[in-house]
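*Asks:* Pasting input31.cif here (mmCIF, N, CA and C atoms):
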data_start
loop_
_atom_site.label_atom_id
_atom_site.label_comp_id
_atom_site.auth_asym_id
_atom_site.auth_seq_id
_atom_site.Cartn_x
_atom_site.Cartn_y
_atom_site.Cartn_z
N MET A 1121 142.13 61.28 61.37
CA MET A 1121 141.33 61.93 62.37
C MET A 1121 141.15 60.98 63.55
N ASP A 1122 141.19 61.52 64.75
CA ASP A 1122 141.06 60.74 65.97
C ASP A 1122 139.59 60.41 66.21
N ALA A 1123 139.31 59.15 66.51
CA ALA A 1123 137.93 58.71 66.71
C ALA A 1123 137.34 59.30 67.98
N SER A 1124 138.16 59.61 68.97
CA SER A 1124 137.64 60.17 70.21
C SER A 1124 137.32 61.65 70.09
N ALA A 1125 137.80 62.30 69.01
CA ALA A 1125 137.56 63.73 68.84
C ALA A 1125 136.16 64.00 68.34
N THR A 1126 135.56 63.04 67.60
CA THR A 1126 134.21 63.24 67.10
C THR A 1126 133.26 62.36 67.89
N PRO A 1127 132.22 62.94 68.46
CA PRO A 1127 131.29 62.14 69.25
C PRO A 1127 130.39 61.32 68.34
N SER A 1128 130.03 60.16 68.81
CA SER A 1128 129.11 59.31 68.06
C SER A 1128 127.69 59.80 68.30
N PRO A 1129 126.74 59.40 67.45
CA PRO A 1129 125.37 59.87 67.64
C PRO A 1129 124.74 59.44 68.95
N ASP A 1130 125.15 58.29 69.48
CA ASP A 1130 124.57 57.84 70.75
C ASP A 1130 125.29 58.39 71.97
N GLN A 1131 126.39 59.09 71.75
CA GLN A 1131 127.15 59.68 72.85
C GLN A 1131 127.15 61.19 72.67
N PRO A 1132 126.57 61.95 73.60
CA PRO A 1132 126.51 63.40 73.44
C PRO A 1132 127.89 64.02 73.54
N ALA A 1133 128.02 65.15 72.87
CA ALA A 1133 129.29 65.88 72.90
C ALA A 1133 129.48 66.48 74.28
N ARG A 1134 130.70 66.46 74.75
CA ARG A 1134 130.99 67.01 76.07
C ARG A 1134 131.52 68.42 75.91
N ASN A 1135 130.98 69.29 76.71
CA ASN A 1135 131.41 70.68 76.71
C ASN A 1135 131.99 70.96 78.09
N PRO A 1136 133.31 70.89 78.26
CA PRO A 1136 133.87 71.07 79.60
C PRO A 1136 133.71 72.49 80.13
N GLY A 1137 133.53 73.44 79.27
CA GLY A 1137 133.40 74.82 79.73
C GLY A 1137 131.94 75.22 79.83
N GLY A 1138 131.71 76.44 80.21
CA GLY A 1138 130.36 76.96 80.26
C GLY A 1138 129.56 76.39 81.39
N ALA A 1139 128.27 76.31 81.15
CA ALA A 1139 127.36 75.88 82.20
C ALA A 1139 127.28 74.37 82.34
N ALA A 1140 127.95 73.62 81.46
CA ALA A 1140 127.94 72.17 81.61
C ALA A 1140 128.58 71.75 82.93
N ARG A 1141 129.46 72.57 83.43
CA ARG A 1141 130.08 72.29 84.73
C ARG A 1141 129.04 72.34 85.84
N TYR A 1142 127.99 73.14 85.64
CA TYR A 1142 127.00 73.35 86.69
C TYR A 1142 125.82 72.40 86.57
N ALA A 1143 125.82 71.53 85.56
CA ALA A 1143 124.67 70.66 85.34
C ALA A 1143 124.41 69.74 86.53
N HIS A 1144 125.45 69.17 87.09
CA HIS A 1144 125.25 68.27 88.23
C HIS A 1144 124.93 69.04 89.51
N LEU A 1145 125.31 70.31 89.58
CA LEU A 1145 124.99 71.12 90.75
C LEU A 1145 123.57 71.64 90.73
N ALA A 1146 122.99 71.71 89.53
CA ALA A 1146 121.64 72.28 89.41
C ALA A 1146 120.61 71.44 90.16
N ARG A 1147 120.86 70.16 90.31
CA ARG A 1147 119.93 69.30 91.03
C ARG A 1147 119.84 69.72 92.50
N TYR A 1148 120.92 70.16 93.06
CA TYR A 1148 120.96 70.53 94.48
C TYR A 1148 120.81 72.03 94.71
N ALA A 1149 120.77 72.81 93.64
CA ALA A 1149 120.77 74.27 93.80
C ALA A 1149 119.47 74.78 94.40
N ARG A 1150 118.34 74.27 93.94
CA ARG A 1150 117.06 74.77 94.46
C ARG A 1150 116.88 74.44 95.95
N PRO A 1151 117.14 73.20 96.40
CA PRO A 1151 117.04 72.95 97.84
C PRO A 1151 118.07 73.76 98.65
N ALA A 1152 119.26 73.96 98.08
CA ALA A 1152 120.27 74.76 98.78
C ALA A 1152 119.83 76.21 98.88
N LEU A 1153 119.19 76.72 97.84
CA LEU A 1153 118.70 78.10 97.88
C LEU A 1153 117.60 78.24 98.94
N ILE A 1154 116.68 77.29 98.97
CA ILE A 1154 115.60 77.35 99.96
C ILE A 1154 116.15 77.24 101.38
N ALA A 1155 117.06 76.29 101.59
CA ALA A 1155 117.64 76.12 102.92
C ALA A 1155 118.47 77.33 103.32
N GLY A 1156 119.24 77.88 102.39
CA GLY A 1156 120.06 79.05 102.70
C GLY A 1156 119.22 80.25 103.10
N VAL A 1157 118.14 80.48 102.38
CA VAL A 1157 117.27 81.61 102.70
C VAL A 1157 116.57 81.37 104.04
N ALA A 1158 116.12 80.13 104.28
CA ALA A 1158 115.43 79.84 105.54
C ALA A 1158 116.37 80.02 106.74
N VAL A 1159 117.59 79.53 106.62
CA VAL A 1159 118.55 79.67 107.72
C VAL A 1159 118.92 81.15 107.91
N ALA A 1160 119.05 81.89 106.81
CA ALA A 1160 119.36 83.31 106.92
C ALA A 1160 118.25 84.07 107.65
N VAL A 1161 117.00 83.74 107.35
CA VAL A 1161 115.88 84.40 108.03
C VAL A 1161 115.87 84.05 109.51
N VAL A 1162 116.11 82.78 109.83
CA VAL A 1162 116.15 82.37 111.24
C VAL A 1162 117.29 83.09 111.96
N CYS A 1163 118.44 83.20 111.33
CA CYS A 1163 119.58 83.89 111.95
C CYS A 1163 119.28 85.37 112.16
N LEU A 1164 118.62 85.99 111.19
CA LEU A 1164 118.25 87.41 111.37
C LEU A 1164 117.29 87.58 112.53
N VAL A 1165 116.31 86.70 112.64
CA VAL A 1165 115.38 86.78 113.77
C VAL A 1165 116.11 86.56 115.08
N LEU A 1166 117.02 85.59 115.11
CA LEU A 1166 117.81 85.33 116.31
C LEU A 1166 118.64 86.56 116.70
N LEU A 1167 119.26 87.19 115.72
CA LEU A 1167 120.08 88.37 116.03
C LEU A 1167 119.23 89.54 116.52
N VAL A 1168 118.02 89.69 115.99
CA VAL A 1168 117.13 90.75 116.48
C VAL A 1168 116.71 90.46 117.92
N ILE A 1169 116.40 89.21 118.22
CA ILE A 1169 116.01 88.84 119.59
C ILE A 1169 117.18 89.07 120.55
N ILE A 1170 118.38 88.70 120.13
CA ILE A 1170 119.56 88.92 120.97
C ILE A 1170 119.78 90.41 121.20
N PHE A 1171 119.59 91.22 120.16
CA PHE A 1171 119.74 92.67 120.32
C PHE A 1171 118.71 93.21 121.31
N LEU A 1172 117.48 92.74 121.20
CA LEU A 1172 116.44 93.22 122.12
C LEU A 1172 116.72 92.78 123.56
N LEU A 1173 117.15 91.53 123.75
CA LEU A 1173 117.48 91.07 125.10
C LEU A 1173 118.68 91.81 125.68
N ASP A 1174 119.66 92.05 124.84
CA ASP A 1174 120.84 92.79 125.29
C ASP A 1174 120.46 94.22 125.68
N SER A 1175 119.62 94.84 124.89
CA SER A 1175 119.16 96.20 125.23
C SER A 1175 118.35 96.21 126.51
N PHE A 1176 117.51 95.19 126.68
CA PHE A 1176 116.71 95.11 127.90
C PHE A 1176 117.60 94.94 129.13
N ASN A 1177 118.59 94.04 129.04
CA ASN A 1177 119.50 93.84 130.17
C ASN A 1177 120.29 95.10 130.49
N SER A 1178 120.72 95.81 129.47
CA SER A 1178 121.46 97.06 129.69
C SER A 1178 120.58 98.11 130.34
N THR A 1179 119.33 98.17 129.91
CA THR A 1179 118.41 99.15 130.48
C THR A 1179 118.12 98.84 131.94
N VAL A 1180 117.87 97.57 132.23
CA VAL A 1180 117.59 97.18 133.61
C VAL A 1180 118.80 97.43 134.50
N TYR A 1181 119.98 97.17 133.99
CA TYR A 1181 121.20 97.39 134.77
C TYR A 1181 121.42 98.88 135.02
N SER A 1182 121.09 99.72 134.04
CA SER A 1182 121.34 101.15 134.21
C SER A 1182 120.27 101.84 135.05
N VAL A 1183 119.15 101.17 135.34
CA VAL A 1183 118.11 101.77 136.18
C VAL A 1183 118.63 102.04 137.58
N GLY A 1184 119.52 101.17 138.06
CA GLY A 1184 120.07 101.33 139.40
C GLY A 1184 121.16 102.39 139.48
N GLY A 1185 121.35 103.17 138.43
CA GLY A 1185 122.37 104.22 138.44
C GLY A 1185 123.72 103.74 137.96
N GLU A 1186 123.83 102.50 137.55
CA GLU A 1186 125.09 101.95 137.04
C GLU A 1186 125.17 102.21 135.53
N ASP A 1187 126.39 102.18 135.02
CA ASP A 1187 126.60 102.33 133.58
C ASP A 1187 127.06 100.99 133.02
N ILE A 1188 126.48 100.57 131.93
CA ILE A 1188 126.83 99.29 131.33
C ILE A 1188 128.26 99.28 130.79
N ASN A 1189 128.82 100.44 130.56
CA ASN A 1189 130.18 100.54 130.04
C ASN A 1189 131.24 100.63 131.14
N ASP A 1190 130.80 100.46 132.39
CA ASP A 1190 131.75 100.47 133.49
C ASP A 1190 132.72 99.30 133.38
N ALA A 1191 133.82 99.40 134.09
CA ALA A 1191 134.84 98.34 134.07
C ALA A 1191 134.60 97.29 135.16
N THR A 1192 133.41 97.26 135.70
CA THR A 1192 133.12 96.28 136.75
C THR A 1192 132.87 94.90 136.15
N ASP A 1193 133.04 93.87 136.98
CA ASP A 1193 132.82 92.50 136.52
C ASP A 1193 131.37 92.26 136.13
N GLU A 1194 130.46 92.84 136.88
CA GLU A 1194 129.04 92.65 136.58
C GLU A 1194 128.66 93.26 135.24
N ALA A 1195 129.14 94.46 134.95
CA ALA A 1195 128.86 95.11 133.67
C ALA A 1195 129.50 94.32 132.52
N ARG A 1196 130.70 93.80 132.73
CA ARG A 1196 131.36 93.01 131.70
C ARG A 1196 130.59 91.72 131.42
N GLN A 1197 130.09 91.09 132.48
CA GLN A 1197 129.32 89.86 132.30
C GLN A 1197 128.02 90.12 131.54
N ILE A 1198 127.39 91.23 131.81
CA ILE A 1198 126.16 91.56 131.09
C ILE A 1198 126.46 91.84 129.62
N ARG A 1199 127.56 92.56 129.36
CA ARG A 1199 127.93 92.86 127.96
C ARG A 1199 128.28 91.60 127.19
N GLU A 1200 128.88 90.62 127.85
CA GLU A 1200 129.32 89.40 127.17
C GLU A 1200 128.32 88.25 127.28
N LEU A 1201 127.13 88.53 127.82
CA LEU A 1201 126.16 87.48 128.07
C LEU A 1201 125.75 86.74 126.79
N TYR A 1202 125.50 87.47 125.72
CA TYR A 1202 125.03 86.87 124.47
C TYR A 1202 126.08 86.88 123.38
N SER A 1203 127.34 87.03 123.74
CA SER A 1203 128.37 87.15 122.71
C SER A 1203 128.53 85.87 121.89
N GLY A 1204 128.44 84.71 122.52
CA GLY A 1204 128.56 83.44 121.79
C GLY A 1204 127.42 83.25 120.79
N ALA A 1205 126.20 83.53 121.23
CA ALA A 1205 125.05 83.41 120.33
C ALA A 1205 125.11 84.45 119.23
N ARG A 1206 125.60 85.63 119.54
CA ARG A 1206 125.73 86.69 118.53
C ARG A 1206 126.75 86.30 117.47
N ILE A 1207 127.90 85.79 117.90
CA ILE A 1207 128.94 85.38 116.94
C ILE A 1207 128.46 84.20 116.11
N GLY A 1208 127.83 83.22 116.75
CA GLY A 1208 127.29 82.07 116.02
C GLY A 1208 126.21 82.48 115.02
N GLY A 1209 125.36 83.40 115.41
CA GLY A 1209 124.32 83.88 114.51
C GLY A 1209 124.89 84.59 113.29
N VAL A 1210 125.92 85.38 113.51
CA VAL A 1210 126.54 86.09 112.39
C VAL A 1210 127.26 85.10 111.46
N VAL A 1211 127.95 84.11 112.04
CA VAL A 1211 128.67 83.12 111.22
C VAL A 1211 127.68 82.33 110.37
N PHE A 1212 126.60 81.84 110.98
CA PHE A 1212 125.60 81.08 110.23
C PHE A 1212 124.87 81.96 109.22
N LEU A 1213 124.68 83.23 109.55
CA LEU A 1213 124.04 84.15 108.61
C LEU A 1213 124.90 84.33 107.37
N VAL A 1214 126.19 84.54 107.56
CA VAL A 1214 127.10 84.71 106.42
C VAL A 1214 127.18 83.42 105.60
N ALA A 1215 127.30 82.28 106.28
CA ALA A 1215 127.39 81.00 105.57
C ALA A 1215 126.13 80.72 104.77
N SER A 1216 124.97 80.97 105.36
CA SER A 1216 123.72 80.70 104.64
C SER A 1216 123.51 81.70 103.51
N ALA A 1217 123.92 82.93 103.69
CA ALA A 1217 123.81 83.91 102.61
C ALA A 1217 124.72 83.54 101.44
N LEU A 1218 125.92 83.07 101.74
CA LEU A 1218 126.82 82.63 100.67
C LEU A 1218 126.27 81.39 99.96
N THR A 1219 125.69 80.47 100.71
CA THR A 1219 125.08 79.28 100.12
C THR A 1219 123.92 79.66 99.20
N ALA A 1220 123.07 80.55 99.67
CA ALA A 1220 121.93 80.98 98.86
C ALA A 1220 122.40 81.72 97.60
N ALA A 1221 123.41 82.56 97.74
CA ALA A 1221 123.92 83.29 96.58
C ALA A 1221 124.55 82.34 95.57
N GLY A 1222 125.31 81.38 96.04
CA GLY A 1222 125.92 80.40 95.14
C GLY A 1222 124.88 79.57 94.43
N ALA A 1223 123.84 79.15 95.15
CA ALA A 1223 122.77 78.37 94.54
C ALA A 1223 122.00 79.20 93.51
N ALA A 1224 121.80 80.47 93.80
CA ALA A 1224 121.12 81.34 92.85
C ALA A 1224 121.93 81.52 91.58
N VAL A 1225 123.24 81.64 91.73
CA VAL A 1225 124.11 81.76 90.54
C VAL A 1225 124.04 80.50 89.71
N VAL A 1226 124.08 79.34 90.34
CA VAL A 1226 124.00 78.07 89.60
C VAL A 1226 122.66 77.96 88.88
N LEU A 1227 121.56 78.34 89.56
CA LEU A 1227 120.25 78.25 88.92
C LEU A 1227 120.14 79.20 87.74
N VAL A 1228 120.67 80.40 87.86
CA VAL A 1228 120.61 81.36 86.76
C VAL A 1228 121.45 80.88 85.58
N ARG A 1229 122.63 80.37 85.86
CA ARG A 1229 123.48 79.88 84.77
C ARG A 1229 122.89 78.64 84.11
N GLN A 1230 122.24 77.79 84.87
CA GLN A 1230 121.64 76.59 84.31
C GLN A 1230 120.36 76.92 83.55
N ARG A 1231 119.65 77.95 83.96
CA ARG A 1231 118.42 78.33 83.29
C ARG A 1231 118.68 78.74 81.84
N LYS A 1232 119.81 79.36 81.59
CA LYS A 1232 120.14 79.79 80.24
C LYS A 1232 120.38 78.61 79.32
N ASN A 1233 120.77 77.47 79.86
CA ASN A 1233 121.10 76.31 79.04
C ASN A 1233 120.03 75.23 79.08
N SER A 1234 118.93 75.48 79.77
CA SER A 1234 117.89 74.46 79.85
C SER A 1234 117.14 74.40 78.53
N PRO A 1235 116.70 73.21 78.14
CA PRO A 1235 115.96 73.10 76.89
C PRO A 1235 114.61 73.79 77.00
N LYS A 1236 114.22 74.41 75.92
CA LYS A 1236 112.95 75.12 75.89
C LYS A 1236 111.88 74.13 75.44
N SER A 1237 111.07 73.68 76.36
CA SER A 1237 109.99 72.76 76.02
C SER A 1237 108.69 73.34 76.57
N ASP A 1238 107.84 73.74 75.67
CA ASP A 1238 106.53 74.26 76.06
C ASP A 1238 105.49 73.18 75.82
N ASP A 1239 104.69 72.93 76.82
CA ASP A 1239 103.63 71.93 76.69
C ASP A 1239 102.51 72.43 75.79
N ASP A 1240 102.33 73.75 75.74
CA ASP A 1240 101.22 74.28 74.97
C ASP A 1240 101.65 74.75 73.58
N GLY A 1241 102.86 74.49 73.16
CA GLY A 1241 103.31 74.89 71.84
C GLY A 1241 103.56 76.37 71.71
N GLY A 1242 103.64 77.08 72.80
CA GLY A 1242 103.94 78.50 72.76
C GLY A 1242 102.72 79.39 72.66
N GLU A 1243 101.52 78.82 72.55
CA GLU A 1243 100.33 79.65 72.42
C GLU A 1243 99.77 79.96 73.80
N ASP A 1244 99.07 81.07 73.88
CA ASP A 1244 98.42 81.44 75.11
C ASP A 1244 97.16 80.59 75.29
N VAL A 1245 97.04 79.98 76.42
CA VAL A 1245 95.89 79.13 76.68
C VAL A 1245 94.95 79.88 77.61
N GLY A 1246 93.70 79.96 77.22
CA GLY A 1246 92.71 80.66 78.02
C GLY A 1246 92.09 79.78 79.08
N PHE A 1247 91.24 80.37 79.87
CA PHE A 1247 90.58 79.65 80.95
C PHE A 1247 89.67 78.54 80.40
N ASP A 1248 88.97 78.83 79.32
CA ASP A 1248 88.04 77.84 78.75
C ASP A 1248 88.80 76.61 78.26
N ALA A 1249 89.97 76.79 77.67
CA ALA A 1249 90.75 75.66 77.19
C ALA A 1249 91.30 74.84 78.34
N LEU A 1250 91.62 75.51 79.44
CA LEU A 1250 92.14 74.79 80.59
C LEU A 1250 91.06 73.99 81.31
N THR A 1251 89.84 74.50 81.32
CA THR A 1251 88.78 73.77 82.02
C THR A 1251 88.10 72.76 81.12
N GLY A 1252 88.40 72.76 79.83
CA GLY A 1252 87.83 71.78 78.91
C GLY A 1252 86.46 72.14 78.41
N ARG A 1253 86.09 73.38 78.44
CA ARG A 1253 84.76 73.81 77.97
C ARG A 1253 84.81 74.14 76.50
#
Translate the structure of the given file into structure tokens.
*Replies:*
Amino acid sequence: MDASATPSPDQPARNPGGAARYAHLARYARPALIAGVAVAVVCLVLLVIIFLLDSFNSTVYSVGGEDINDATDEARQIRELYSGARIGGVVFLVASALTAAGAAVVLVRQRKNSPKSDDDGGEDVGFDALTGR
């Protein structure tokens, strides 16, 4: 029998499959989830503000009897005014949503393999026991 095939008592067995692959990622999963959600919310707010500003500019432009869909240079400039911020907001929104989703998957997979350690031994602790009365 090969000595490397059986783990010694002081060396834990390695499980290359399953959630053991995610053990080192679990340390960074919670901050990545928080950051991903925060960036996604900021991007959504940014995109709503851009939509409102774009609508306002279109409305102000059309008050003078012009149409925002005209082929004039001024109408084209107004339509493309926030295009860079809109594209950047969508790209960051997708990236942060993917980051948050990936972190959530890692946390869920790691939760199934975490050791079950209850400080209270599994019993329900009441208010009196918590306050020491």
*Asks:* Between atom C of Val1180 of chain A and atom C of Leu1164 of chain A, what is the spacing in Å?
*Replies:*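 Answer for the atom C of Leu1164 of chain A to atom C of Val1180 of chain A separation: 24.1 Å.
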*Asks:* What is the distance between atom CA of Ser1175 of chain A and atom CA of Val1211 of chain A, in Å to one decimal?
*Replies:*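 Computing it gives 21.4 Å between the two atoms.
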*Asks:* List the residues selected by the PyMOL selection byres (((chain A and resi 1219 and name CA) around 10) and name CA) in the file shown, writing them as a list in words.
*Replies:*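 For this structure, the PyMOL selection byres (((chain A and resi 1219 and name CA) around 10) and name CA) captures Ala1149, Ala1152, Leu1153, Ile1154, Ala1155, Gly1156, Val1157, Ala1160, Leu1213, Val1214, Ala1215, Ser1216, Ala1217, Leu1218, Ala1220, Ala1221, Gly1222, Ala1223, Ala1224 and Val1225 of chain A.
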*Asks:* Could you check which of A:Ala1249, A:Gly1208, A:Ser1178, A:Arg1147 is closest to Arg1196 of chain A, using only C-alpha atoms?
*Replies:*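 Once distances to Arg1196 of chain A are computed over only C-alpha atoms, the minimum belongs to A:Ser1178.
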*Asks:* Go ahead and compute the interatomic distance for atom N of Thr1179 of chain A and atom CA of Phe1212 of chain A, in Å to one decimal.
*Replies:*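 Pair atom N of Thr1179 of chain A / atom CA of Phe1212 of chain A returns 26.8 Å.
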*Asks:* Go through A:Ala1191, A:Val1210, A:Ile1198, A:Leu1250 and flag the residue nearest Leu1166 of chain A, using only C-alpha atoms for the distances.
*Replies:* A:Val1210
*Asks:* Identify which of the residues A:Ser1203, A:Gly1209, A:Val1183, A:Glu1194 lies closest to Leu1167 of chain A, counting all atoms listed in the file when measuring atom-to-atom distances.
*Replies:*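 When distances to Leu1167 of chain A are compared using all atoms listed in the file, the smallest one comes from A:Gly1209.
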*Asks:* Can you work out which one of A:Arg1199, A:Leu1227, A:Arg1150, A:Val1168 has the shortest atom-to-atom distance to Tyr1181 of chain A, counting only C-alpha atoms?
*Replies:*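 Selected residue with least distance to Tyr1181 of chain A: A:Arg1199.
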